[in-house]
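*Asks:* Pasting a structure here, questions to come.
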Amino acid sequence: MPRNHSKIILDLEFNPVREPEIRDKMRSEIIEIGAVKLDDELKEISSFDKYIKPEYNSVEEKISRLTGITNDQLAECGSFHEVMQDFISWIGDEPFSLYSWSLTDMNVMLDEIDYKEPDDESYDRFFVHWIDLQRIYQRQMGFYKSMGLTNALGTLNIYFDGAEHGALADARNTAEIMRFMSDGEKMRSFRSRSQVTYNTSDSSGFSLGNITIKRK
């Protein structure tokens with residue numbers, strides 16, 4: 001990656017669309033965008049976190065329980081177009097790559113752009129360099145299947161910092177994995193002695209081999 005090429009770590013929270021005629025083209029609407037911008041040393045230099053008022057559905061109860069986002073919080077928030085334009089302004093004019101934990105966020109964003117703003121070319125640059133950190137991590141660690149963010153942190157002896165399923169917190173924790181992955185010696189060490197476990201996010205701990213470490 002050339003210098004002066006920004007690294008943007010992105011996470012989205014989204015809500016299902018239930019209308020059948022719309023769902024055929026756009027299955028979800030983004031309700032929160034969280035992102036961090038990293039410099040060449042992978043230090044955070046800026047952050048972005050905004051809610052979006054959905055156009056077609058109120059926030060479902062299960063989504064509110066998962067994310068903590070309520071309809072009242074979103075009532076006075078900007079539209080998809082308004083917040084996305086703010087996001088574009090925050091990124092700036094320099095070249096950049098987007099990173100996310102899996103490509104689910106990319107697909108959700110792409111579908112919503114295609115449905116709501118198909119003729120707006122300002123979004124095209126999002127998809128030039130969109131990188132799936134989950135896949136890279138899985139390959140580097142030699143795991144046979146993909147792993148959620150919390151469990152991936154656990155295999156590296158890193159506790160999740162903040163509230164899970166908050167977009168900005170998820171982005172920052174994804175950035176933490178990127179920093180770890182950038183140290184080849186560390187990654188080789190963990191790969192040689194780590195056995196994968198798939199703990200649930202409410203376990204408050206993680207496993208390496210037969211040893212389970214819990215936050216006290």
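By convention in this document, the chains of the structure tokens carry letters A, B, ... by their order, each chain's residues are numbered from 1, and ligands are numbered from 1 in the order they are shown.
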Please extract the residues of chain A with a backbone DSSP assignment of strand (DSSP E) and present them as number ranges by chain.
*Replies:* A: 6-16, 28-38, 44-51, 96-100, 130-132, 205-208, 211-214
*Asks:* Output C-alpha atoms of each residue in that selection to a file, as a compact mmCIF listing (two decimals), in the first residue's frame.
*Replies:*
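Result file follows (part.txt):
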# COMPACT_ATOMS: atom_id res chain seq x y z
CA SER A 6 -5.56 6.42 4.00
CA LYS A 7 -6.75 3.31 5.79
CA ILE A 8 -10.43 3.56 6.80
CA ILE A 9 -11.77 0.86 9.14
CA LEU A 10 -15.56 0.76 8.76
CA ASP A 11 -18.43 -0.87 10.62
CA LEU A 12 -22.15 -0.58 9.94
CA GLU A 13 -25.25 -1.36 11.96
CA PHE A 14 -28.36 -1.98 9.91
CA ASN A 15 -32.06 -2.80 10.15
CA PRO A 16 -34.02 -5.27 7.98
CA SER A 28 -31.42 -3.77 4.95
CA GLU A 29 -30.99 -0.08 5.71
CA ILE A 30 -27.91 1.29 7.45
CA ILE A 31 -28.75 2.94 10.78
CA GLU A 32 -25.22 3.68 12.02
CA ILE A 33 -21.86 4.28 10.36
CA GLY A 34 -18.75 4.07 12.52
CA ALA A 35 -15.23 4.42 11.16
CA VAL A 36 -11.67 5.27 12.11
CA LYS A 37 -8.92 6.69 9.92
CA LEU A 38 -5.40 5.36 10.50
CA GLU A 44 -6.01 6.51 14.84
CA ILE A 45 -6.02 10.08 13.57
CA SER A 46 -9.76 10.67 13.15
CA SER A 47 -13.12 9.02 13.77
CA PHE A 48 -16.64 9.16 12.37
CA ASP A 49 -19.85 8.01 14.05
CA LYS A 50 -23.35 8.96 12.93
CA TYR A 51 -26.81 7.47 13.07
CA PHE A 96 -8.04 5.46 0.57
CA SER A 97 -8.83 1.81 1.20
CA LEU A 98 -11.83 0.63 3.19
CA TYR A 99 -11.46 -2.30 5.59
CA SER A 100 -14.25 -4.20 7.32
CA TRP A 130 -12.53 -2.61 -0.04
CA ILE A 131 -10.63 -5.23 1.95
CA ASP A 132 -12.04 -8.08 4.02
CA GLY A 205 -13.58 -14.52 27.94
CA PHE A 206 -11.69 -16.47 25.31
CA SER A 207 -9.80 -19.72 24.97
CA LEU A 208 -6.33 -20.65 23.85
CA ILE A 211 -6.99 -22.47 28.98
CA THR A 212 -9.94 -20.12 29.30
CA ILE A 213 -9.20 -16.56 30.44
CA LYS A 214 -12.04 -14.51 31.93
*Asks:* Return the single residue from A:Gly148, A:Pro20, A:Gly92, A:Pro54 that is closest to His165 in chain A, with distances computed using only C-alpha atoms.
*Replies:*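 Checking each candidate against His165 in chain A, we get A:Gly148 as the closest.
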*Asks:* How far is it from CA of Leu42 in chain A to CA of Arg179 in chain A, in Å with one decimal?
*Replies:*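 Distance reported for this atom pair: 6.4 Å.
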*Asks:* Using backbone DSSP assignments, extract all alpha helix (DSSP H) residues from range 99-142 of chain A; output them as a list in words.
*Replies:*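 The residues of range 99-142 of chain A classed as alpha helix (DSSP H) are Thr104, Asp105, Met106, Asn107, Val108, Met109, Leu110, Asp111, Glu112, Ile113, Asp114, Tyr115, Lys116, Leu133, Gln134, Arg135, Ile136, Tyr137, Gln138, Arg139, Gln140 and Met141 of chain A.
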*Asks:* Given only C-alpha atoms as the basis, pick out the residue of A:Ser189, A:Ser79, A:Gln140, A:Asn107 nearest to Phe127 in chain A.
*Replies:* A:Asn107
*Asks:* Just how far from CA of Ser122 in chain A is CA of Gln134 in chain A, in Å to one decimal?
*Replies:*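 For CA of Gln134 in chain A relative to CA of Ser122 in chain A, the distance reads 26.7 Å.
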*Asks:* Ranking A:Ile177, A:Glu19, A:Pro118, A:Arg125 by minimum distance to Gly154 in chain A and counting only C-alpha atoms, which one comes first?
*Replies:*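 For Gly154 in chain A, the nearest of the candidates is A:Ile177.
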*Asks:* Near Glu60 in chain A, counting only C-alpha atoms, which residues have an atom at most 9 Å away, once you skip same-chain residues fewer than 3 positions from it, shown as number ranges by chain?
*Replies:* A: 15-16, 57, 63-65, 70-71
*Asks:* Taking into account only C-alpha atoms, which residue in the set A:Arg191, A:Val17, A:Arg27, A:Val83 is nearest to Glu55 in chain A?
*Replies:*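 Checking each candidate against Glu55 in chain A, we get A:Val17 as the closest.
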*Asks:* Would you work out the distance separating CA of Met26 in chain A from CA of Asp119 in chain A, expressed in Å to one decimal?
*Replies:* 16.1 Å
*Asks:* Give the answer as one residue: which of A:Ala75, A:Leu168, A:Ala152, A:Met181 has the shortest atom-to-atom distance to Ile52 in chain A, using only C-alpha atoms?
*Replies:*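 Closest to Ile52 in chain A of all the choices is A:Ala75.
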